[in-house]
file protein_35.cif (mmCIF, C-alpha atoms, pLDDT in the B column; chains and numbers go by the auth columns)
data_start
#
loop_
_atom_site.group_PDB
_atom_site.id
_atom_site.type_symbol
_atom_site.label_atom_id
_atom_site.label_comp_id
_atom_site.label_asym_id
_atom_site.label_seq_id
_atom_site.Cartn_x
_atom_site.Cartn_y
_atom_site.Cartn_z
_atom_site.B_iso_or_equiv
_atom_site.auth_seq_id
_atom_site.auth_asym_id
ATOM 1 C CA MET A 1 81.227 111.257 118.193 86.00 1 A
ATOM 2 C CA THR A 2 81.607 110.985 114.442 95.00 2 A
ATOM 3 C CA ILE A 3 82.717 108.060 112.306 97.00 3 A
ATOM 4 C CA ARG A 4 84.589 108.421 109.029 98.00 4 A
ATOM 5 C CA LYS A 5 86.857 106.329 106.838 98.00 5 A
ATOM 6 C CA ALA A 6 90.480 106.425 107.906 98.00 6 A
ATOM 7 C CA THR A 7 93.063 108.086 105.675 98.00 7 A
ATOM 8 C CA PHE A 8 96.820 107.744 105.445 98.00 8 A
ATOM 9 C CA GLU A 9 97.090 111.055 107.303 97.00 9 A
ATOM 10 C CA ASP A 10 95.567 109.232 110.295 98.00 10 A
ATOM 11 C CA MET A 11 98.311 106.576 110.429 97.00 11 A
ATOM 12 C CA ASP A 12 100.297 107.983 113.361 96.00 12 A
ATOM 13 C CA ASN A 13 97.149 108.369 115.475 97.00 13 A
ATOM 14 C CA ILE A 14 95.898 104.899 114.551 97.00 14 A
ATOM 15 C CA LEU A 15 99.226 103.250 115.367 97.00 15 A
ATOM 16 C CA ALA A 16 99.366 105.117 118.698 97.00 16 A
ATOM 17 C CA ILE A 17 95.848 103.929 119.564 97.00 17 A
ATOM 18 C CA TYR A 18 96.758 100.340 118.733 97.00 18 A
ATOM 19 C CA ALA A 19 99.907 100.604 120.891 96.00 19 A
ATOM 20 C CA TYR A 20 97.794 101.935 123.771 96.00 20 A
ATOM 21 C CA ALA A 21 95.249 99.128 123.279 94.00 21 A
ATOM 22 C CA ARG A 22 97.963 96.447 123.325 94.00 22 A
ATOM 23 C CA GLU A 23 99.247 97.835 126.624 94.00 23 A
ATOM 24 C CA GLN A 24 95.743 97.922 128.107 92.00 24 A
ATOM 25 C CA MET A 25 95.145 94.327 127.010 90.00 25 A
ATOM 26 C CA ARG A 26 98.394 93.277 128.633 92.00 26 A
ATOM 27 C CA LEU A 27 97.503 95.079 131.869 91.00 27 A
ATOM 28 C CA SER A 28 94.051 93.461 131.968 90.00 28 A
ATOM 29 C CA GLY A 29 95.409 89.904 131.631 89.00 29 A
ATOM 30 C CA ASN A 30 95.175 89.573 127.854 83.00 30 A
ATOM 31 C CA PRO A 31 98.765 89.815 126.565 86.00 31 A
ATOM 32 C CA ASP A 32 98.366 87.232 123.794 83.00 32 A
ATOM 33 C CA GLN A 33 95.507 88.515 121.635 87.00 33 A
ATOM 34 C CA TRP A 34 97.585 91.157 119.845 88.00 34 A
ATOM 35 C CA GLY A 35 101.017 90.417 121.293 83.00 35 A
ATOM 36 C CA GLU A 36 103.690 93.095 120.908 87.00 36 A
ATOM 37 C CA HIS A 37 103.149 94.322 117.342 88.00 37 A
ATOM 38 C CA TYR A 38 99.670 93.498 116.021 89.00 38 A
ATOM 39 C CA PRO A 39 98.226 95.067 114.014 94.00 39 A
ATOM 40 C CA SER A 40 101.334 95.981 112.057 93.00 40 A
ATOM 41 C CA MET A 41 101.761 99.153 110.024 95.00 41 A
ATOM 42 C CA GLU A 42 101.375 97.033 106.888 96.00 42 A
ATOM 43 C CA ILE A 43 98.011 95.692 108.063 95.00 43 A
ATOM 44 C CA VAL A 44 96.805 99.193 108.914 97.00 44 A
ATOM 45 C CA GLN A 45 97.940 100.430 105.496 97.00 45 A
ATOM 46 C CA LYS A 46 96.020 97.599 103.788 97.00 46 A
ATOM 47 C CA ASP A 47 92.903 98.362 105.853 97.00 47 A
ATOM 48 C CA ILE A 48 93.043 102.003 104.727 98.00 48 A
ATOM 49 C CA THR A 49 93.783 101.073 101.106 97.00 49 A
ATOM 50 C CA TYR A 50 90.820 98.665 101.017 97.00 50 A
ATOM 51 C CA GLY A 51 88.547 101.304 102.559 97.00 51 A
ATOM 52 C CA SER A 52 87.687 99.132 105.551 97.00 52 A
ATOM 53 C CA SER A 53 89.390 101.177 108.283 98.00 53 A
ATOM 54 C CA TYR A 54 87.311 103.719 110.205 98.00 54 A
ATOM 55 C CA VAL A 55 88.091 106.243 112.893 98.00 55 A
ATOM 56 C CA ILE A 56 85.832 107.683 115.553 97.00 56 A
ATOM 57 C CA THR A 57 86.436 111.335 116.336 96.00 57 A
ATOM 58 C CA ASP A 58 85.327 113.317 119.370 93.00 58 A
ATOM 59 C CA GLU A 59 83.731 116.775 119.510 92.00 59 A
ATOM 60 C CA LYS A 60 87.198 118.345 118.973 94.00 60 A
ATOM 61 C CA ASN A 61 87.629 116.220 115.818 93.00 61 A
ATOM 62 C CA GLU A 62 90.406 114.235 117.519 95.00 62 A
ATOM 63 C CA ILE A 63 90.624 110.519 116.788 97.00 63 A
ATOM 64 C CA CYS A 64 89.577 108.550 119.848 96.00 64 A
ATOM 65 C CA ALA A 65 89.088 105.080 118.329 97.00 65 A
ATOM 66 C CA VAL A 66 89.693 102.940 115.266 98.00 66 A
ATOM 67 C CA PHE A 67 88.048 99.825 113.863 98.00 67 A
ATOM 68 C CA VAL A 68 87.800 97.766 110.708 98.00 68 A
ATOM 69 C CA PHE A 69 84.463 96.842 109.163 98.00 69 A
ATOM 70 C CA VAL A 70 84.177 94.550 106.162 97.00 70 A
ATOM 71 C CA ILE A 71 80.962 93.461 104.488 97.00 71 A
ATOM 72 C CA GLY A 72 81.277 90.043 102.892 95.00 72 A
ATOM 73 C CA VAL A 73 82.557 86.577 103.651 94.00 73 A
ATOM 74 C CA ASP A 74 85.400 86.448 106.158 94.00 74 A
ATOM 75 C CA PRO A 75 87.559 83.372 105.443 94.00 75 A
ATOM 76 C CA THR A 76 88.267 82.777 109.139 93.00 76 A
ATOM 77 C CA TYR A 77 84.515 82.507 109.767 96.00 77 A
ATOM 78 C CA ARG A 78 83.852 79.714 107.269 94.00 78 A
ATOM 79 C CA LYS A 79 84.536 77.051 109.891 95.00 79 A
ATOM 80 C CA ILE A 80 83.072 77.334 113.380 97.00 80 A
ATOM 81 C CA GLU A 81 83.427 74.741 116.135 97.00 81 A
ATOM 82 C CA ASN A 82 81.525 74.113 119.365 97.00 82 A
ATOM 83 C CA GLY A 83 78.450 75.862 118.022 97.00 83 A
ATOM 84 C CA HIS A 84 77.066 77.513 114.915 97.00 84 A
ATOM 85 C CA TRP A 85 76.319 80.901 113.433 98.00 85 A
ATOM 86 C CA LEU A 86 72.848 82.348 114.000 97.00 86 A
ATOM 87 C CA ASN A 87 72.250 82.314 110.243 97.00 87 A
ATOM 88 C CA ASP A 88 73.993 82.073 106.879 95.00 88 A
ATOM 89 C CA ASP A 89 72.777 85.469 105.648 97.00 89 A
ATOM 90 C CA ALA A 90 75.144 88.109 104.282 97.00 90 A
ATOM 91 C CA TYR A 91 77.074 89.749 107.121 98.00 91 A
ATOM 92 C CA GLY A 92 79.620 92.349 108.090 98.00 92 A
ATOM 93 C CA THR A 93 82.609 91.665 110.302 97.00 93 A
ATOM 94 C CA VAL A 94 84.141 93.973 112.895 98.00 94 A
ATOM 95 C CA HIS A 95 87.890 93.651 113.499 96.00 95 A
ATOM 96 C CA ARG A 96 90.661 95.498 115.343 95.00 96 A
ATOM 97 C CA VAL A 97 88.552 97.751 117.548 96.00 97 A
ATOM 98 C CA ALA A 98 90.679 99.983 119.765 96.00 98 A
ATOM 99 C CA GLY A 99 90.193 103.191 121.703 95.00 99 A
ATOM 100 C CA SER A 100 92.587 105.851 122.913 95.00 100 A
ATOM 101 C CA GLY A 101 91.237 105.669 126.464 91.00 101 A
ATOM 102 C CA LYS A 102 90.100 109.293 126.251 91.00 102 A
ATOM 103 C CA GLN A 103 86.471 108.622 125.315 88.00 103 A
ATOM 104 C CA LYS A 104 83.993 106.156 126.807 90.00 104 A
ATOM 105 C CA GLY A 105 81.457 104.216 124.746 91.00 105 A
ATOM 106 C CA VAL A 106 83.460 103.875 121.539 93.00 106 A
ATOM 107 C CA LEU A 107 82.631 100.171 121.062 94.00 107 A
ATOM 108 C CA LYS A 108 78.894 100.823 121.336 95.00 108 A
ATOM 109 C CA HIS A 109 79.252 103.664 118.843 95.00 109 A
ATOM 110 C CA CYS A 110 81.258 101.413 116.502 97.00 110 A
ATOM 111 C CA LEU A 111 78.739 98.569 116.728 97.00 111 A
ATOM 112 C CA ALA A 112 75.753 100.871 116.179 97.00 112 A
ATOM 113 C CA TYR A 113 77.439 102.233 113.048 97.00 113 A
ATOM 114 C CA CYS A 114 78.210 98.747 111.701 98.00 114 A
ATOM 115 C CA GLU A 115 74.701 97.492 112.483 98.00 115 A
ATOM 116 C CA SER A 116 73.255 100.462 110.575 97.00 116 A
ATOM 117 C CA LYS A 117 75.278 99.449 107.493 97.00 117 A
ATOM 118 C CA MET A 118 74.636 95.694 107.746 97.00 118 A
ATOM 119 C CA PRO A 119 72.028 94.343 110.164 95.00 119 A
ATOM 120 C CA ASN A 120 73.850 91.018 110.507 97.00 120 A
ATOM 121 C CA VAL A 121 77.221 91.473 112.227 98.00 121 A
ATOM 122 C CA ARG A 122 79.901 89.040 113.354 98.00 122 A
ATOM 123 C CA VAL A 123 82.894 89.709 115.595 98.00 123 A
ATOM 124 C CA ASP A 124 85.385 87.624 117.539 97.00 124 A
ATOM 125 C CA THR A 125 87.650 88.076 120.520 95.00 125 A
ATOM 126 C CA HIS A 126 90.270 86.234 122.528 93.00 126 A
ATOM 127 C CA GLU A 127 89.176 84.102 125.479 94.00 127 A
ATOM 128 C CA ASN A 128 91.220 86.340 127.801 92.00 128 A
ATOM 129 C CA ASN A 129 89.572 89.533 126.571 92.00 129 A
ATOM 130 C CA ARG A 130 86.905 89.516 129.264 91.00 130 A
ATOM 131 C CA ILE A 131 86.185 93.228 128.792 90.00 131 A
ATOM 132 C CA MET A 132 85.297 92.773 125.114 93.00 132 A
ATOM 133 C CA GLN A 133 83.226 89.676 125.868 96.00 133 A
ATOM 134 C CA HIS A 134 81.206 91.600 128.448 95.00 134 A
ATOM 135 C CA LEU A 135 80.717 94.599 126.147 95.00 135 A
ATOM 136 C CA LEU A 136 79.630 92.423 123.221 97.00 136 A
ATOM 137 C CA GLU A 137 77.164 90.454 125.322 97.00 137 A
ATOM 138 C CA SER A 138 75.740 93.633 126.881 96.00 138 A
ATOM 139 C CA SER A 139 75.283 94.957 123.311 96.00 139 A
ATOM 140 C CA GLY A 140 73.125 91.974 122.361 97.00 140 A
ATOM 141 C CA TYR A 141 75.746 89.816 120.664 98.00 141 A
ATOM 142 C CA GLN A 142 75.402 86.067 121.116 98.00 142 A
ATOM 143 C CA LYS A 143 78.265 83.622 121.577 98.00 143 A
ATOM 144 C CA CYS A 144 78.175 81.252 118.615 98.00 144 A
ATOM 145 C CA GLY A 145 81.261 79.044 118.980 98.00 145 A
ATOM 146 C CA THR A 146 84.977 79.045 118.264 98.00 146 A
ATOM 147 C CA ILE A 147 86.767 80.199 115.113 97.00 147 A
ATOM 148 C CA TYR A 148 90.488 80.191 114.372 96.00 148 A
ATOM 149 C CA VAL A 149 92.412 83.208 113.109 92.00 149 A
ATOM 150 C CA ALA A 150 95.209 83.087 110.517 87.00 150 A
ATOM 151 C CA ASP A 151 97.890 82.007 113.021 87.00 151 A
ATOM 152 C CA GLY A 152 95.685 79.117 114.173 91.00 152 A
ATOM 153 C CA SER A 153 94.789 80.536 117.584 92.00 153 A
ATOM 154 C CA PRO A 154 91.171 80.245 118.750 96.00 154 A
ATOM 155 C CA ARG A 155 88.731 83.106 119.197 97.00 155 A
ATOM 156 C CA ILE A 156 85.244 83.267 120.657 98.00 156 A
ATOM 157 C CA ALA A 157 82.840 84.082 117.824 98.00 157 A
ATOM 158 C CA TYR A 158 79.832 86.366 118.299 98.00 158 A
ATOM 159 C CA GLN A 159 76.966 87.425 116.073 98.00 159 A
ATOM 160 C CA LYS A 160 74.028 89.790 116.220 98.00 160 A
ATOM 161 C CA LYS A 161 71.083 89.927 113.859 97.00 161 A
ATOM 162 C CA VAL A 162 69.406 93.332 114.161 91.00 162 A
#
call {"tool": "encode", "arguments": {"input": "protein_35.cif", "output": "structure tokens"}}
result
Amino acid sequence: MTIRKATFEDMDNILAIYAYAREQMRLSGNPDQWGEHYPSMEIVQKDITYGSSYVITDEKNEICAVFVFVIGVDPTYRKIENGHWLNDDAYGTVHRVAGSGKQKGVLKHCLAYCESKMPNVRVDTHENNRIMQHLLESSGYQKCGTIYVADGSPRIAYQKKV
């Protein structure tokens, strides 16, 4: 698998992957994390414009996953409840990870890439996203507490210092 920055030519594939991921979340008992329309086309466009959107391609150069990685302070991570961050060092944040369902191991590949760029990584997920919680914990991420996203809903916050 290869990781590269997403381009506007990737939009249709990215939006299809996010639609697939929303359906999989719904089927696995997590209908609320992304709802019916998150992330929107406008959010995806901003991610690409800011250079923070990445795609993972398979051996046929087909996009099999997408994620956002931002190095720097994430405003939603300034306040954490029911715990604390592992440290206050500079960090990168992983957001909006989704796979097409055609390739296994995309999250581990995504996390390894992000950890190679910034050895202090934070990520969050919904309390009903048991699959993501398990994958993060099996990848060495530690539960740190609760943060709140822009709409005010809580998320379980994780961090890993490599």
call {"tool": "residues_around", "arguments": {"input": "protein_35.cif", "residues": "segment 81-92 of chain A", "least_positions_apart": "6", "cutoff": "9 Å", "atoms": "all atoms listed in the file", "output": "count of residues only"}}
result
26
call {"tool": "resolve_selection", "arguments": {"input": "protein_35.cif", "expression": "the PyMOL selection byres ((chain A and resi 43) around 12)", "output": "ChimeraX atom specification"}}
result
/A:11,14-15,18,37-42,44-50,52-53,68,95-96
call {"tool": "resolve_selection", "arguments": {"input": "protein_35.cif", "expression": "the PyMOL selection byres ((chain A and resi 29) around 12)", "output": "ChimeraX atom specification"}}
result
/A:22-28,30-33,35,126-131
call {"tool": "write_last_selection", "arguments": {"input": "protein_35.cif", "atoms": "C-alpha atoms", "output": "compact mmCIF listing (two decimals), in the coordinates of the input"}}
result
# COMPACT_ATOMS: atom_id res chain seq x y z
CA ARG A 22 97.96 96.45 123.32
CA GLU A 23 99.25 97.84 126.62
CA GLN A 24 95.74 97.92 128.11
CA MET A 25 95.14 94.33 127.01
CA ARG A 26 98.39 93.28 128.63
CA LEU A 27 97.50 95.08 131.87
CA SER A 28 94.05 93.46 131.97
CA ASN A 30 95.18 89.57 127.85
CA PRO A 31 98.76 89.82 126.56
CA ASP A 32 98.37 87.23 123.79
CA GLN A 33 95.51 88.52 121.64
CA GLY A 35 101.02 90.42 121.29
CA HIS A 126 90.27 86.23 122.53
CA GLU A 127 89.18 84.10 125.48
CA ASN A 128 91.22 86.34 127.80
CA ASN A 129 89.57 89.53 126.57
CA ARG A 130 86.90 89.52 129.26
CA ILE A 131 86.18 93.23 128.79
call {"tool": "resolve_selection", "arguments": {"input": "protein_35.cif", "expression": "the PyMOL selection byres ((chain A and resi 3) around 6)", "output": "PyMOL selection string"}}
result
chain A and resi 2+4+55-56
call {"tool": "residues_around", "arguments": {"input": "protein_35.cif", "residues": "Tyr148 of chain A", "least_positions_apart": "2", "cutoff": "10 Å", "atoms": "all atoms listed in the file", "output": "PyMOL selection string"}}
result
chain A and resi 75-81+124+146+150-157
call {"tool": "write_last_selection", "arguments": {"input": "protein_35.cif", "atoms": "C-alpha atoms", "output": "mmCIF file, in the frame of the given file"}}
result
data_model
loop_
_atom_site.group_PDB
_atom_site.id
_atom_site.type_symbol
_atom_site.label_atom_id
_atom_site.label_comp_id
_atom_site.auth_asym_id
_atom_site.auth_seq_id
_atom_site.Cartn_x
_atom_site.Cartn_y
_atom_site.Cartn_z
ATOM 1 C CA PRO A 75 87.559 83.372 105.443
ATOM 2 C CA THR A 76 88.267 82.777 109.139
ATOM 3 C CA TYR A 77 84.515 82.507 109.767
ATOM 4 C CA ARG A 78 83.852 79.714 107.269
ATOM 5 C CA LYS A 79 84.536 77.051 109.891
ATOM 6 C CA ILE A 80 83.072 77.334 113.380
ATOM 7 C CA GLU A 81 83.427 74.741 116.135
ATOM 8 C CA ASP A 124 85.385 87.624 117.539
ATOM 9 C CA THR A 146 84.977 79.045 118.264
ATOM 10 C CA ALA A 150 95.209 83.087 110.517
ATOM 11 C CA ASP A 151 97.890 82.007 113.021
ATOM 12 C CA GLY A 152 95.685 79.117 114.173
ATOM 13 C CA SER A 153 94.789 80.536 117.584
ATOM 14 C CA PRO A 154 91.171 80.245 118.750
ATOM 15 C CA ARG A 155 88.731 83.106 119.197
ATOM 16 C CA ILE A 156 85.244 83.267 120.657
ATOM 17 C CA ALA A 157 82.840 84.082 117.824
#
call {"tool": "atom_distance", "arguments": {"input": "protein_35.cif", "atom1": "atom CA of Glu137 of chain A", "atom2": "atom CA of Gly101 of chain A"}}
result
20.8 Å
call {"tool": "residues_near_point", "arguments": {"input": "protein_35.cif", "point": "(90.1, 104.9, 123.0)", "cutoff": "10 Å", "atoms": "only C-alpha atoms", "output": "VMD selection string"}}
result
chain A and resid 17 to 18 20 to 21 56 to 57 63 to 66 97 to 107
call {"tool": "atom_distance", "arguments": {"input": "protein_35.cif", "atom1": "atom CA of Ala112 of chain A", "atom2": "atom CA of Met1 of chain A"}}
result
11.9 Å
call {"tool": "build_atoms", "arguments": {"input": "protein_35.cif", "residues": "segment 85-102 of chain A", "atoms": "N, CA, C and O atoms", "output": "PDB file, in the frame of the given file"}}
result
ATOM      1  N   TRP A  85      76.755  79.532 113.647  1.00 98.00           N
ATOM      2  CA  TRP A  85      76.319  80.901 113.433  1.00 98.00           C
ATOM      3  C   TRP A  85      74.803  80.982 113.559  1.00 98.00           C
ATOM      4  O   TRP A  85      74.108  79.985 113.364  1.00 98.00           O
ATOM      5  N   LEU A  86      74.293  82.156 113.859  1.00 97.00           N
ATOM      6  CA  LEU A  86      72.848  82.348 114.000  1.00 97.00           C
ATOM      7  C   LEU A  86      72.135  82.152 112.674  1.00 97.00           C
ATOM      8  O   LEU A  86      70.978  81.740 112.641  1.00 97.00           O
ATOM      9  N   ASN A  87      72.827  82.475 111.574  1.00 97.00           N
ATOM     10  CA  ASN A  87      72.250  82.314 110.243  1.00 97.00           C
ATOM     11  C   ASN A  87      73.380  82.318 109.220  1.00 97.00           C
ATOM     12  O   ASN A  87      74.535  82.547 109.565  1.00 97.00           O
ATOM     13  N   ASP A  88      73.020  82.054 107.971  1.00 95.00           N
ATOM     14  CA  ASP A  88      73.993  82.073 106.879  1.00 95.00           C
ATOM     15  C   ASP A  88      73.777  83.268 105.963  1.00 95.00           C
ATOM     16  O   ASP A  88      74.259  83.284 104.831  1.00 95.00           O
ATOM     17  N   ASP A  89      73.050  84.270 106.440  1.00 97.00           N
ATOM     18  CA  ASP A  89      72.777  85.469 105.648  1.00 97.00           C
ATOM     19  C   ASP A  89      74.065  86.271 105.446  1.00 97.00           C
ATOM     20  O   ASP A  89      75.043  86.094 106.176  1.00 97.00           O
ATOM     21  N   ALA A  90      74.024  87.191 104.487  1.00 97.00           N
ATOM     22  CA  ALA A  90      75.144  88.109 104.282  1.00 97.00           C
ATOM     23  C   ALA A  90      75.427  88.835 105.601  1.00 97.00           C
ATOM     24  O   ALA A  90      74.503  89.124 106.375  1.00 97.00           O
ATOM     25  N   TYR A  91      76.697  89.131 105.848  1.00 98.00           N
ATOM     26  CA  TYR A  91      77.074  89.749 107.121  1.00 98.00           C
ATOM     27  C   TYR A  91      78.253  90.699 106.954  1.00 98.00           C
ATOM     28  O   TYR A  91      78.972  90.666 105.967  1.00 98.00           O
ATOM     29  N   GLY A  92      78.438  91.508 107.966  1.00 98.00           N
ATOM     30  CA  GLY A  92      79.620  92.349 108.090  1.00 98.00           C
ATOM     31  C   GLY A  92      80.428  91.862 109.279  1.00 98.00           C
ATOM     32  O   GLY A  92      79.876  91.275 110.214  1.00 98.00           O
ATOM     33  N   THR A  93      81.721  92.098 109.230  1.00 97.00           N
ATOM     34  CA  THR A  93      82.609  91.665 110.302  1.00 97.00           C
ATOM     35  C   THR A  93      83.361  92.859 110.873  1.00 97.00           C
ATOM     36  O   THR A  93      83.901  93.674 110.123  1.00 97.00           O
ATOM     37  N   VAL A  94      83.404  92.932 112.192  1.00 98.00           N
ATOM     38  CA  VAL A  94      84.141  93.973 112.895  1.00 98.00           C
ATOM     39  C   VAL A  94      85.467  93.372 113.363  1.00 98.00           C
ATOM     40  O   VAL A  94      85.490  92.294 113.955  1.00 98.00           O
ATOM     41  N   HIS A  95      86.556  94.085 113.077  1.00 96.00           N
ATOM     42  CA  HIS A  95      87.890  93.651 113.499  1.00 96.00           C
ATOM     43  C   HIS A  95      88.654  94.837 114.087  1.00 96.00           C
ATOM     44  O   HIS A  95      88.347  95.994 113.803  1.00 96.00           O
ATOM     45  N   ARG A  96      89.655  94.536 114.882  1.00 95.00           N
ATOM     46  CA  ARG A  96      90.661  95.498 115.343  1.00 95.00           C
ATOM     47  C   ARG A  96      90.084  96.772 115.945  1.00 95.00           C
ATOM     48  O   ARG A  96      90.517  97.879 115.632  1.00 95.00           O
ATOM     49  N   VAL A  97      89.131  96.605 116.848  1.00 96.00           N
ATOM     50  CA  VAL A  97      88.552  97.751 117.548  1.00 96.00           C
ATOM     51  C   VAL A  97      89.508  98.185 118.656  1.00 96.00           C
ATOM     52  O   VAL A  97      89.957  97.351 119.445  1.00 96.00           O
ATOM     53  N   ALA A  98      89.804  99.473 118.707  1.00 96.00           N
ATOM     54  CA  ALA A  98      90.679  99.983 119.765  1.00 96.00           C
ATOM     55  C   ALA A  98      90.349 101.441 120.040  1.00 96.00           C
ATOM     56  O   ALA A  98      90.031 102.195 119.124  1.00 96.00           O
ATOM     57  N   GLY A  99      90.432 101.811 121.304  1.00 95.00           N
ATOM     58  CA  GLY A  99      90.193 103.191 121.703  1.00 95.00           C
ATOM     59  C   GLY A  99      91.433 103.807 122.319  1.00 95.00           C
ATOM     60  O   GLY A  99      92.340 103.095 122.770  1.00 95.00           O
ATOM     61  N   SER A 100      91.454 105.112 122.350  1.00 95.00           N
ATOM     62  CA  SER A 100      92.587 105.851 122.913  1.00 95.00           C
ATOM     63  C   SER A 100      92.538 105.926 124.432  1.00 95.00           C
ATOM     64  O   SER A 100      93.493 106.359 125.067  1.00 95.00           O
ATOM     65  N   GLY A 101      91.405 105.555 125.020  1.00 91.00           N
ATOM     66  CA  GLY A 101      91.237 105.669 126.464  1.00 91.00           C
ATOM     67  C   GLY A 101      90.724 107.026 126.883  1.00 91.00           C
ATOM     68  O   GLY A 101      90.464 107.259 128.062  1.00 91.00           O
ATOM     69  N   LYS A 102      90.531 107.924 125.934  1.00 91.00           N
ATOM     70  CA  LYS A 102      90.100 109.293 126.251  1.00 91.00           C
ATOM     71  C   LYS A 102      88.593 109.483 126.118  1.00 91.00           C
ATOM     72  O   LYS A 102      88.073 110.522 126.529  1.00 91.00           O
TER      73      LYS A 102
END
